[in-house]
$ cat work-v5.txt   # compact mmCIF, C-alpha atoms
# COMPACT_ATOMS: atom_id res chain seq x y z
CA MET M 29 -17.14 35.60 19.02
CA LEU M 30 -14.61 32.93 19.90
CA GLN M 31 -16.94 31.35 22.45
CA ARG M 32 -19.80 31.28 19.94
CA ARG M 33 -17.57 29.63 17.35
CA PHE M 34 -16.21 27.15 19.91
CA PHE M 35 -19.69 26.04 20.97
CA ARG M 36 -20.82 25.79 17.36
CA ILE M 37 -17.89 23.50 16.47
CA GLY M 38 -18.37 21.51 19.68
CA ALA M 39 -22.06 21.00 18.93
CA GLY M 40 -21.19 19.81 15.41
CA ILE M 41 -18.66 17.29 16.71
CA ALA M 42 -21.10 16.05 19.36
CA LEU M 43 -23.81 15.64 16.71
CA ILE M 44 -21.46 13.62 14.46
CA LEU M 45 -20.48 11.37 17.38
CA LEU M 46 -24.14 10.89 18.28
CA ILE M 47 -24.96 9.92 14.69
CA VAL M 48 -22.07 7.41 14.67
CA TYR M 49 -23.20 5.94 17.99
CA LEU M 50 -26.80 5.61 16.85
CA GLY M 51 -25.56 4.05 13.62
CA THR M 52 -23.76 1.31 15.55
CA LEU M 53 -27.09 0.36 17.12
CA VAL M 54 -28.73 -0.22 13.73
CA ASP M 55 -27.04 -3.53 12.90
CA PHE M 56 -29.45 -4.54 10.15
CA ILE M 57 -28.26 -1.54 8.08
CA PHE M 58 -24.51 -1.44 8.77
CA THR M 59 -23.79 -5.19 8.93
CA PRO M 60 -24.62 -5.75 5.23
CA ILE M 61 -22.57 -2.65 4.34
CA ALA M 62 -19.57 -3.97 6.31
CA SER M 63 -19.95 -7.38 4.64
CA LEU M 64 -20.09 -5.75 1.21
CA ILE M 65 -16.93 -3.74 1.90
CA SER M 66 -15.02 -6.78 3.21
CA LEU M 67 -16.14 -8.80 0.20
CA THR M 68 -15.15 -6.23 -2.43
CA ILE M 69 -11.99 -4.77 -0.87
CA VAL M 70 -9.67 -7.33 -2.49
CA PRO M 71 -11.17 -6.96 -6.02
CA LEU M 72 -11.03 -3.17 -5.68
CA LEU M 73 -7.43 -3.32 -4.47
CA ILE M 74 -6.38 -5.57 -7.36
CA THR M 75 -8.24 -3.29 -9.81
CA ALA M 76 -6.37 -0.22 -8.51
CA PHE M 77 -3.02 -2.01 -8.67
CA LEU M 78 -3.68 -2.90 -12.32
CA TYR M 79 -5.41 0.35 -13.34
CA TYR M 80 -2.58 2.79 -12.65
CA PRO M 81 0.25 0.80 -14.31
CA LEU M 82 -1.90 -0.11 -17.34
CA ARG M 83 -3.43 3.33 -17.94
CA PRO M 84 -0.25 4.94 -19.39
CA LEU M 85 0.13 1.99 -21.77
CA VAL M 86 -3.49 2.26 -22.92
CA ASN M 87 -3.10 6.04 -23.43
CA TYR M 88 0.09 5.45 -25.42
CA LEU M 89 -1.59 2.91 -27.70
CA GLU M 90 -4.55 5.27 -28.17
CA LYS M 91 -2.16 8.02 -29.30
CA LYS M 92 -0.85 5.55 -31.89
CA LYS M 93 -4.34 5.57 -33.50
CA LEU M 94 -5.48 2.30 -31.89
CA LYS M 95 -9.03 2.48 -30.52
CA ARG M 96 -9.14 2.64 -26.73
CA SER M 97 -11.29 -0.49 -26.40
CA TYR M 98 -8.85 -2.43 -28.61
CA SER M 99 -5.92 -1.08 -26.57
CA ILE M 100 -7.53 -2.38 -23.39
CA LEU M 101 -8.21 -5.78 -24.92
CA LEU M 102 -4.59 -5.95 -26.06
CA MET M 103 -3.44 -5.21 -22.50
CA TYR M 104 -5.83 -7.90 -21.26
CA LEU M 105 -4.27 -10.36 -23.67
CA VAL M 106 -0.78 -9.56 -22.39
CA VAL M 107 -1.90 -9.90 -18.75
CA ILE M 108 -3.62 -13.22 -19.49
CA ILE M 109 -0.48 -14.56 -21.16
CA VAL M 110 1.66 -13.48 -18.18
CA LEU M 111 -0.78 -15.04 -15.69
CA ALA M 112 -0.94 -18.23 -17.74
CA ILE M 113 2.85 -18.52 -17.75
CA PHE M 114 2.97 -17.84 -14.01
CA SER M 115 0.23 -20.41 -13.29
CA ILE M 116 2.21 -23.06 -15.16
CA ILE M 117 5.73 -22.18 -14.00
CA GLY M 118 5.49 -20.22 -10.77
CA TRP M 119 2.20 -20.95 -9.02
CA PRO M 120 2.80 -24.66 -8.19
CA THR M 121 6.17 -23.77 -6.64
CA LEU M 122 4.71 -20.85 -4.70
CA ARG M 123 1.79 -22.94 -3.45
CA ASP M 124 4.09 -25.74 -2.28
CA GLN M 125 6.40 -23.27 -0.53
CA VAL M 126 3.49 -21.61 1.29
CA THR M 127 2.15 -24.97 2.45
CA SER M 128 5.58 -26.17 3.54
CA PHE M 129 6.35 -22.91 5.37
CA ILE M 130 3.10 -22.99 7.36
CA GLU M 131 3.53 -26.68 8.23
CA ASN M 132 7.18 -26.34 9.27
CA ALA M 133 6.88 -22.96 11.08
CA PRO M 134 6.62 -24.56 14.56
CA ARG M 135 9.94 -26.37 13.97
CA PHE M 136 11.80 -23.33 12.68
CA THR M 137 12.35 -21.90 16.15
CA GLN M 138 14.22 -24.99 17.34
CA SER M 139 16.31 -25.02 14.15
CA ILE M 140 17.42 -21.43 14.74
CA ILE M 141 18.18 -22.10 18.41
CA THR M 142 20.33 -25.07 17.35
CA GLN M 143 22.28 -22.88 14.93
CA ILE M 144 22.81 -20.24 17.61
CA GLN M 145 24.02 -22.86 20.10
CA LEU M 146 26.53 -24.07 17.52
CA LEU M 147 27.72 -20.49 17.06
CA GLN M 148 28.14 -20.11 20.82
CA GLN M 149 30.63 -22.96 20.79
CA ASN M 150 32.92 -20.84 18.64
CA PRO M 151 35.76 -19.52 20.85
CA THR M 152 35.67 -16.10 19.18
CA ILE M 153 31.98 -15.64 19.97
CA GLN M 154 32.20 -17.14 23.48
CA GLN M 155 34.32 -14.26 24.75
CA TYR M 156 31.54 -11.77 23.91
CA ILE M 157 28.67 -13.81 25.44
CA PRO M 158 29.04 -14.65 29.16
CA ALA M 159 28.07 -18.23 29.94
CA GLU M 160 25.64 -17.21 32.72
CA ASN M 161 23.56 -15.20 30.24
CA ASN M 162 23.19 -18.00 27.69
CA GLN M 163 20.04 -19.55 29.12
CA ASP M 164 18.25 -16.23 29.56
CA MET M 165 19.18 -15.19 26.03
CA ILE M 166 17.98 -18.51 24.57
CA ALA M 167 14.67 -18.29 26.48
CA LYS M 168 13.98 -14.72 25.34
CA LEU M 169 15.01 -15.52 21.77
CA THR M 170 12.71 -18.55 21.71
CA GLU M 171 9.81 -16.40 22.86
CA TYR M 172 10.50 -13.74 20.22
CA LEU M 173 10.91 -16.28 17.44
CA ASN M 174 7.66 -18.04 18.33
CA THR M 175 5.88 -14.69 18.16
CA ILE M 176 7.45 -13.88 14.79
CA PHE M 177 6.58 -17.24 13.24
CA ASP M 178 3.02 -17.12 14.55
CA TRP M 179 2.65 -13.64 13.01
CA LEU M 180 4.14 -14.77 9.70
CA SER M 181 1.96 -17.90 9.52
CA VAL M 182 -1.24 -15.97 10.22
CA HIS M 183 -0.52 -13.17 7.75
CA ILE M 184 0.78 -15.43 4.99
CA SER M 185 -2.40 -17.47 5.31
CA SER M 186 -4.52 -14.30 5.20
CA MET M 187 -2.67 -13.00 2.13
CA PHE M 188 -3.52 -16.18 0.25
CA SER M 189 -7.05 -16.48 1.63
CA PHE M 190 -8.44 -14.39 -1.26
CA ILE M 191 -7.84 -17.43 -3.46
CA SER M 192 -10.96 -18.87 -1.83
CA ASN M 193 -12.85 -15.99 -3.49
CA PHE M 194 -11.10 -16.63 -6.81
CA VAL M 195 -14.39 -16.77 -8.73
CA LEU M 196 -15.41 -13.37 -7.33
CA VAL M 197 -12.04 -11.83 -8.23
CA VAL M 198 -12.07 -13.22 -11.78
CA ALA M 199 -15.69 -12.15 -12.30
CA THR M 200 -15.36 -8.59 -11.00
CA VAL M 201 -11.79 -7.34 -11.56
CA PRO M 202 -11.74 -7.53 -15.41
CA ILE M 203 -15.13 -5.80 -15.64
CA MET M 204 -14.26 -2.97 -13.20
CA LEU M 205 -10.82 -2.55 -14.77
CA TYR M 206 -12.21 -2.43 -18.32
CA TYR M 207 -14.72 0.34 -17.58
CA LEU M 208 -12.22 2.30 -15.50
CA LEU M 209 -9.75 2.28 -18.38
CA LYS M 210 -12.38 2.84 -21.06
CA ASP M 211 -14.16 5.71 -19.29
CA ASP M 212 -11.00 7.18 -17.78
CA LYS M 213 -11.53 10.59 -19.39
CA ARG M 214 -15.21 10.67 -18.44
CA LEU M 215 -14.70 9.93 -14.76
CA SER M 216 -13.36 13.34 -13.78
CA PRO M 217 -16.21 15.35 -15.46
CA GLN M 218 -18.77 13.13 -13.72
CA LEU M 219 -17.15 13.72 -10.34
CA LEU M 220 -16.96 17.46 -11.00
CA LYS M 221 -20.78 17.55 -11.07
CA LEU M 222 -20.66 16.99 -7.30
CA PHE M 223 -18.95 20.36 -6.76
CA PRO M 224 -20.81 23.71 -6.57
CA ALA M 225 -20.85 25.86 -9.69
CA GLY M 226 -18.31 28.33 -8.31
CA HIS M 227 -15.77 25.63 -7.42
CA LYS M 228 -15.46 23.60 -10.61
CA GLU M 229 -11.85 24.69 -11.16
CA ASP M 230 -10.97 24.03 -7.51
CA GLY M 231 -12.60 20.61 -7.73
CA LYS M 232 -10.71 19.78 -10.91
CA ALA M 233 -7.42 20.77 -9.25
CA MET M 234 -8.23 18.56 -6.26
CA LEU M 235 -9.15 15.53 -8.39
CA ASP M 236 -6.06 15.98 -10.58
CA GLU M 237 -3.78 16.13 -7.54
CA MET M 238 -5.40 13.00 -6.05
CA ASP M 239 -4.98 11.18 -9.32
CA ASP M 240 -1.34 12.26 -9.73
CA SER M 241 -0.48 11.23 -6.16
CA LEU M 242 -2.10 7.81 -6.44
CA SER M 243 -0.62 7.22 -9.88
CA SER M 244 2.88 8.14 -8.70
CA PHE M 245 2.61 5.99 -5.58
CA ILE M 246 0.95 2.88 -7.02
CA ALA M 247 2.34 2.72 -10.56
CA GLY M 248 5.83 3.77 -9.49
CA ARG M 249 5.88 1.36 -6.57
CA VAL M 250 4.66 -1.54 -8.72
CA LEU M 251 7.51 -1.02 -11.20
CA VAL M 252 10.13 -0.54 -8.47
CA ASN M 253 8.98 -3.59 -6.53
CA LEU M 254 8.93 -5.78 -9.63
CA ALA M 255 12.51 -4.80 -10.43
CA LEU M 256 13.52 -5.36 -6.79
CA CYS M 257 11.92 -8.81 -6.74
CA VAL M 258 13.77 -9.83 -9.90
CA LEU M 259 17.08 -8.85 -8.27
CA LEU M 260 16.21 -10.67 -5.04
CA TYR M 261 15.07 -13.82 -6.81
CA ILE M 262 18.24 -14.03 -8.90
CA GLY M 263 20.34 -13.62 -5.76
CA PHE M 264 18.34 -16.18 -3.79
CA LEU M 265 18.66 -18.71 -6.62
CA ILE M 266 22.44 -18.20 -6.68
CA ILE M 267 22.80 -19.05 -2.97
CA ASP M 268 20.02 -21.70 -3.17
CA LEU M 269 17.93 -20.10 -0.42
CA PRO M 270 14.84 -22.16 0.58
CA TYR M 271 11.38 -20.64 0.06
CA SER M 272 12.94 -18.14 -2.35
CA LEU M 273 9.76 -17.53 -4.40
CA LEU M 274 7.64 -17.11 -1.28
CA LEU M 275 10.13 -14.63 0.21
CA VAL M 276 10.17 -12.64 -3.04
CA PHE M 277 6.37 -12.66 -3.12
CA LEU M 278 6.27 -11.28 0.43
CA ALA M 279 8.91 -8.67 -0.42
CA PHE M 280 6.82 -7.41 -3.35
CA PHE M 281 3.85 -6.56 -1.12
CA LEU M 282 5.75 -5.50 2.01
CA ASN M 283 7.86 -2.99 0.06
CA PHE M 284 4.70 -1.03 -0.69
CA ILE M 285 4.93 0.02 2.97
CA PRO M 286 7.25 3.05 3.17
CA TYR M 287 10.32 2.94 5.42
CA ILE M 288 9.55 -0.19 7.45
CA GLY M 289 8.55 -2.37 4.49
CA ALA M 290 12.19 -3.09 3.63
CA ILE M 291 12.87 -4.17 7.22
CA LEU M 292 9.74 -6.33 7.40
CA SER M 293 10.67 -8.11 4.17
CA ALA M 294 14.27 -8.66 5.34
CA VAL M 295 13.30 -10.35 8.63
CA PRO M 296 11.87 -13.60 7.13
CA VAL M 297 14.78 -13.70 4.67
CA ALA M 298 17.31 -13.58 7.52
CA ILE M 299 15.40 -16.16 9.55
CA VAL M 300 15.06 -18.64 6.68
CA GLY M 301 18.74 -18.22 5.82
CA LEU M 302 19.77 -18.73 9.45
CA ILE M 303 17.74 -21.94 9.61
CA GLU M 304 20.01 -23.40 6.93
CA SER M 305 23.29 -22.07 8.32
CA PRO M 306 24.79 -18.85 9.69
CA ALA M 307 26.69 -18.37 6.42
CA MET M 308 23.45 -18.70 4.42
CA GLY M 309 21.80 -16.11 6.67
CA ILE M 310 24.67 -13.65 6.16
CA TRP M 311 24.64 -14.10 2.38
CA ALA M 312 20.86 -13.66 2.27
CA ILE M 313 21.12 -10.36 4.14
CA VAL M 314 23.94 -9.22 1.85
CA ILE M 315 21.73 -9.88 -1.19
CA VAL M 316 18.85 -7.93 0.38
CA ILE M 317 21.13 -4.98 1.17
CA ILE M 318 22.59 -4.89 -2.35
CA ALA M 319 19.12 -5.10 -3.94
CA GLN M 320 17.82 -2.34 -1.67
CA MET M 321 20.79 -0.10 -2.51
CA ILE M 322 20.15 -0.59 -6.23
CA GLN M 323 16.47 0.19 -5.65
CA ASN M 324 17.05 3.34 -3.57
CA ASN M 325 19.93 4.82 -5.58
CA LEU M 326 19.13 3.77 -9.14
CA LEU M 327 15.55 2.58 -9.65
CA GLU M 328 13.54 4.99 -7.51
CA PRO M 329 15.12 8.22 -8.90
CA ILE M 330 14.37 7.01 -12.44
CA ILE M 331 10.86 5.61 -11.95
CA PHE M 332 9.26 7.78 -9.28
CA GLY M 333 7.71 11.03 -10.37
CA LYS M 334 7.40 12.66 -6.96
CA GLN M 335 8.05 11.47 -3.45
CA LEU M 336 5.52 11.16 -0.67
CA ASP M 337 4.67 14.52 0.83
CA ILE M 338 4.13 12.94 4.26
CA HIS M 339 6.29 13.35 7.35
CA PRO M 340 8.05 10.10 8.39
CA PHE M 341 6.54 10.32 11.90
CA THR M 342 3.05 10.53 10.38
CA ILE M 343 3.79 7.51 8.20
CA VAL M 344 4.89 5.44 11.20
CA VAL M 345 1.73 6.36 13.13
CA LEU M 346 -0.47 5.55 10.13
CA LEU M 347 1.22 2.19 9.65
CA LEU M 348 0.73 1.31 13.31
CA VAL M 349 -2.96 2.19 13.12
CA GLY M 350 -3.44 0.43 9.77
CA GLY M 351 -1.61 -2.68 10.96
CA ASP M 352 -3.67 -2.84 14.14
CA MET M 353 -6.97 -2.45 12.28
CA GLY M 354 -6.33 -4.51 9.16
CA GLY M 355 -3.00 -6.33 9.40
CA ILE M 356 -0.83 -6.25 6.29
CA LEU M 357 -3.82 -5.27 4.12
CA GLY M 358 -4.46 -2.30 6.39
CA MET M 359 -0.82 -1.22 6.17
CA LEU M 360 -0.99 -1.41 2.38
CA LEU M 361 -4.15 0.70 2.17
CA VAL M 362 -3.57 3.29 4.87
CA ILE M 363 -0.98 5.43 3.00
CA PRO M 364 -2.96 5.85 -0.28
CA LEU M 365 -6.13 6.48 1.73
CA TYR M 366 -4.37 9.12 3.85
CA MET M 367 -2.99 10.81 0.72
CA VAL M 368 -6.49 11.12 -0.78
CA VAL M 369 -8.06 12.34 2.48
CA LYS M 370 -5.25 14.85 3.09
CA ILE M 371 -5.53 16.36 -0.40
CA GLY M 372 -9.32 16.52 -0.09
CA ILE M 373 -9.20 18.29 3.28
CA VAL M 374 -6.61 20.83 2.09
CA HIS M 375 -8.59 21.73 -1.03
CA ILE M 376 -11.97 21.81 0.70
CA TYR M 377 -10.56 24.08 3.40
CA GLY M 378 -9.13 26.29 0.65
CA MET M 379 -12.59 26.50 -0.95
CA TYR M 380 -14.06 27.43 2.42
CA LEU M 381 -11.53 30.24 2.92
CA LYS M 382 -12.14 31.46 -0.63
CA ASP M 383 -15.90 31.67 -0.03
CA LYS M 384 -15.36 33.40 3.29
CA MET M 385 -13.08 36.01 1.74
CA ASN M 386 -15.54 36.63 -1.10
CA HIS M 387 -18.44 37.09 1.32
CA SER M 388 -16.38 39.43 3.48
CA PHE M 389 -15.47 41.50 0.43
CA ASP M 390 -19.11 41.63 -0.73
CA ASP M 391 -20.30 42.77 2.72
CA THR M 392 -17.66 45.53 3.05
CA PRO M 393 -19.40 48.98 3.28
CA ASN M 394 -18.44 51.79 0.92
CA LYS M 395 -16.86 49.35 -1.51
CA PRO M 396 -15.02 51.46 -4.14
CA ASN M 397 -16.47 51.67 -7.59
CA ASN M 398 -14.24 49.94 -10.15
CA ASP M 399 -15.25 52.45 -12.83
CA SER M 400 -14.11 55.43 -10.72
CA ILE M 401 -10.80 53.70 -10.04
CA PHE M 402 -10.13 53.22 -13.71
CA LYS M 403 -11.09 56.86 -14.36
CA LEU M 404 -8.43 57.98 -11.91
$ encode --input "work-v5.txt" --output "structure tokens"
Amino acid sequence: MLQRRFFRIGAGIALILLIVYLGTLVDFIFTPIASLISLTIVPLLITAFLYYPLRPLVNYLEKKKLKRSYSILLMYLVVIIVLAIFSIIGWPTLRDQVTSFIENAPRFTQSIITQIQLLQQNPTIQQYIPAENNQDMIAKLTEYLNTIFDWLSVHISSMFSFISNFVLVVATVPIMLYYLLKDDKRLSPQLLKLFPAGHKEDGKAMLDEMDDSLSSFIAGRVLVNLALCVLLYIGFLIIDLPYSLLLVFLAFFLNFIPYIGAILSAVPVAIVGLIESPAMGIWAIVIVIIAQMIQNNLLEPIIFGKQLDIHPFTIVVLLLVGGDMGGILGMLLVIPLYMVVKIGIVHIYGMYLKDKMNHSFDDTPNKPNNDSIFKL
């Protein structure tokens, strides 16, 4: 029995691998599909990031007797006003800071090394750093810093590269977002048609859990990150930290990454602060720590509905895989994608076990008669 089942599963896996391999040989089919996915991934991502925070507002306005289409248009008007204000006030500054950061990145390493060499001349610090190790430490630090700045330059450029597809984003995101919000209550019944007749309730439970998980993760994280960025920006303005808007912009996206996102967003802040002076670097880190403490102890308990039901080790592995495959964009997408896949597998396996138990019960010989049981 076990051997038969083992060979059946092995044959299924081998067949799937064969289909995947043969699919890679048919370039004229899969190349256009890959191009379509790469072209639409940013509009879909932006649509999802707007859909989950805006949906509760649209539902609230609909409960106040405002037609759903009018509620959506009102939300559009608010978003347009916010974007218009940002394009006038914030975008020129952000654009200039991005350009300046990329152009000056090669010189940042030498600036940091100069600051460290000045620190080494301090008598208090000299007693902890032997003179014979100075050159080796400077060489290793230079190598690490060059790697960090190359990584930052490449990923900052890639994060802003979607501006080149600005027409595509503007043309597709409002349309997709409008119909998602308008037909929100019709989407689930349409998806339920894909499930067998005996599993409609199971399918509804699966879709509801997927929706709740994504809503909690995306909408909650958007609100938390916006509040965090406001705190960071106020602090950076107080200490007059260079590239403050760019650093806040990076922090907003990087903090979507659980656990390591806070560390990744703090690294460029510390580096930029250290370029100015050691004191500036220390104050910048202090501001980040205070903002993170407010986020973790005050904002998240209030805003988040439920925490991620994922083991920290699994999250780290997923982030490594997502970062290797898709950079920062891959790290942003891998956790929501894993949540959806995990919920789907758990529910589908539950349906399979339910069917198996029902078939076993139906095939049981001498099944007792329910009528005779009640008569007893």
$ atom_distance --input "work-v5.txt" --atom1 "CA of Phe284 (chain M)" --atom2 "CA of Leu78 (chain M)"
14.5 Å
$ axis_aligned_box --input "work-v5.txt" --around "region 237-244 of chain M" --padding-each-side "5 Å" --output "JSON"
{"center_x": -1.3, "center_y": 11.7, "center_z": -8.0, "size_x": 18.3, "size_y": 18.9, "size_z": 13.8}
$ residues_around --input "work-v5.txt" --residues "Ala76 (chain M)" --least-positions-apart "6" --cutoff "10 Å" --atoms "all atoms listed in the file" --output "VMD selection string"
chain M and resid 70 82 201 204 to 205 208 242 to 243 246 to 247
$ atom_distance --input "work-v5.txt" --atom1 "CA of Phe280 (chain M)" --atom2 "CA of Asn253 (chain M)"
5.4 Å
$ atom_distance --input "work-v5.txt" --atom1 "CA of Ile203 (chain M)" --atom2 "CA of Val106 (chain M)"
16.3 Å
$ residues_around --input "work-v5.txt" --residues "region 367-377 of chain M" --least-positions-apart "5" --cutoff "10 Å" --atoms "only C-alpha atoms" --output "number ranges by chain"
M: 227, 230-231, 233-235, 237-239, 241-242, 245, 336-338, 362, 382-383
